[in-house]
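> Before anything else, here's the structure in question.
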Amino acid sequence: MSTRTKPGWAFRTATPEDIEPLAELRALVMRPDLERLGRYDEHRVRQRLRDAYAPEHTSVILVDGALAGCVSLRPGTDSATDGTADHAPDGWWLENFYLSPALQGRGIGTGVLRSLLERADREGARVRLAVLRGSAARALYERHGFVEERRDPVDAFMVREPAA
């Protein structure tokens, strides 16, 4: 058993075969917030990931060689996979950022996000995302320069301009 407080992590490109383990992880990670909002549906929480899954834009997060999470960073288009307009054809849309609850609070999410934002900064691209209202993940995004653009009854939509 490792005693490190910040386990090593790495990315690997997602594959079609990753969809079911990632759908299960999404259900586990999102359940507390969705229940708090009165929106948890055991089937829908998994199906939304299946419907939006794009392995070509998704990275699997590995911790000590094992699947620990995922994140998607896709080019902005007319609309996000959640059906909302992202209005970022010149930027990126960050979505499906899930990390096993057992690994949260160890700096892994910060490292993953920092890596993605460094890429966006090199490209001069803004990054947009949606986060469930009241989610603890919002604090992570705010620490990295995201600000709220708008909100609806369920989500806060945030943007981060590229660092100069």
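Quick note on naming: the chains in the structure tokens go A, B, ... in the order shown, residues restart at 1 in each chain, and ligands are numbered from 1 in order of appearance.
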Might you pull out every residue within 7 Å of A:Ala120, with only C-alpha atoms counted and same-chain residues fewer than 5 positions away left off, and present them as a list in words?
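Residues near the query, excluding close chain neighbours: Ala125, Arg126 and Pro162 of chain A.
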> I'd like to know which residues of stretch 12-68 of chain A are alpha helix (DSSP H) (by DSSP, run on the backbone); could you write them as a count of residues only?
29
> Ranking A:Ala23, A:Val29, A:Leu140, A:Met158 by minimum distance to A:Leu103 and counting only C-alpha atoms, which one comes first?
A:Val29
> Using only C-alpha atoms, which of the listed residues (A:Arg122, A:Arg150, A:Arg106, A:Arg50) sits closest to A:Ala164?
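Residue with the minimum atom-to-atom distance to A:Ala164: A:Arg122.
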> Rank nothing, just name the residue among A:Arg48, A:Arg133, A:Glu123, A:Ala139 nearest to A:Glu95, using only C-alpha atoms.
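Between A:Arg48, A:Arg133, A:Glu123, A:Ala139, the residue approaching A:Glu95 most closely is A:Arg48.
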> Would you kindly return, as a list in words, each protein, DNA or RNA residue with an atom no farther than 9 Å from any atom of A:Gly145, considering only C-alpha atoms and excluding same-chain residues fewer than 3 positions away?
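My reading of the contact set: Tyr141, Glu142, Val159, Arg160 and Glu161 of chain A.
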> Quote the spacing between atom CA of A:Trp93 and atom CA of A:Arg128 in Å to one decimal place.
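For atom CA of A:Trp93 relative to atom CA of A:Arg128, the distance reads 4.9 Å.
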> Which distance in Å separates atom CA of A:Ala10 and atom CA of A:Val63, to one decimal?
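According to the coordinates, atom CA of A:Ala10 and atom CA of A:Val63 are separated by 6.6 Å.
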> Go through A:Ile61, A:Val112, A:Ala137, A:Cys70 and flag the residue nearest A:Asp33, using only C-alpha atoms for the distances.
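Using only C-alpha atoms, A:Asp33 sits closest to A:Ala137.
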> What is the distance, in Å and to one decimal place, between atom CA of A:Gly76 and atom CA of A:Asp155?
18.2 Å
> For A:Glu35, find every residue with an atom within 12 Å (counting only C-alpha atoms), except residues of its own chain fewer than 4 positions away, and show them as a PyMOL selection string.
chain A and resi 27-31+39-42+45+132+134-135+154
> Using DSSP secondary structure from the backbone, list all strand (DSSP E) positions within chain A, as a VMD selection string.
chain A and resid 9 to 13 58 to 63 66 to 75 92 to 99 127 to 132 147 to 151 155 to 160
> Tell me, as number ranges by chain, which residues lie within 12 Å of A:Gln47, counting only C-alpha atoms; anything in the same chain fewer than 4 positions away does not count.
A: 19-20, 22-24, 26-27, 41-43, 51-53, 82
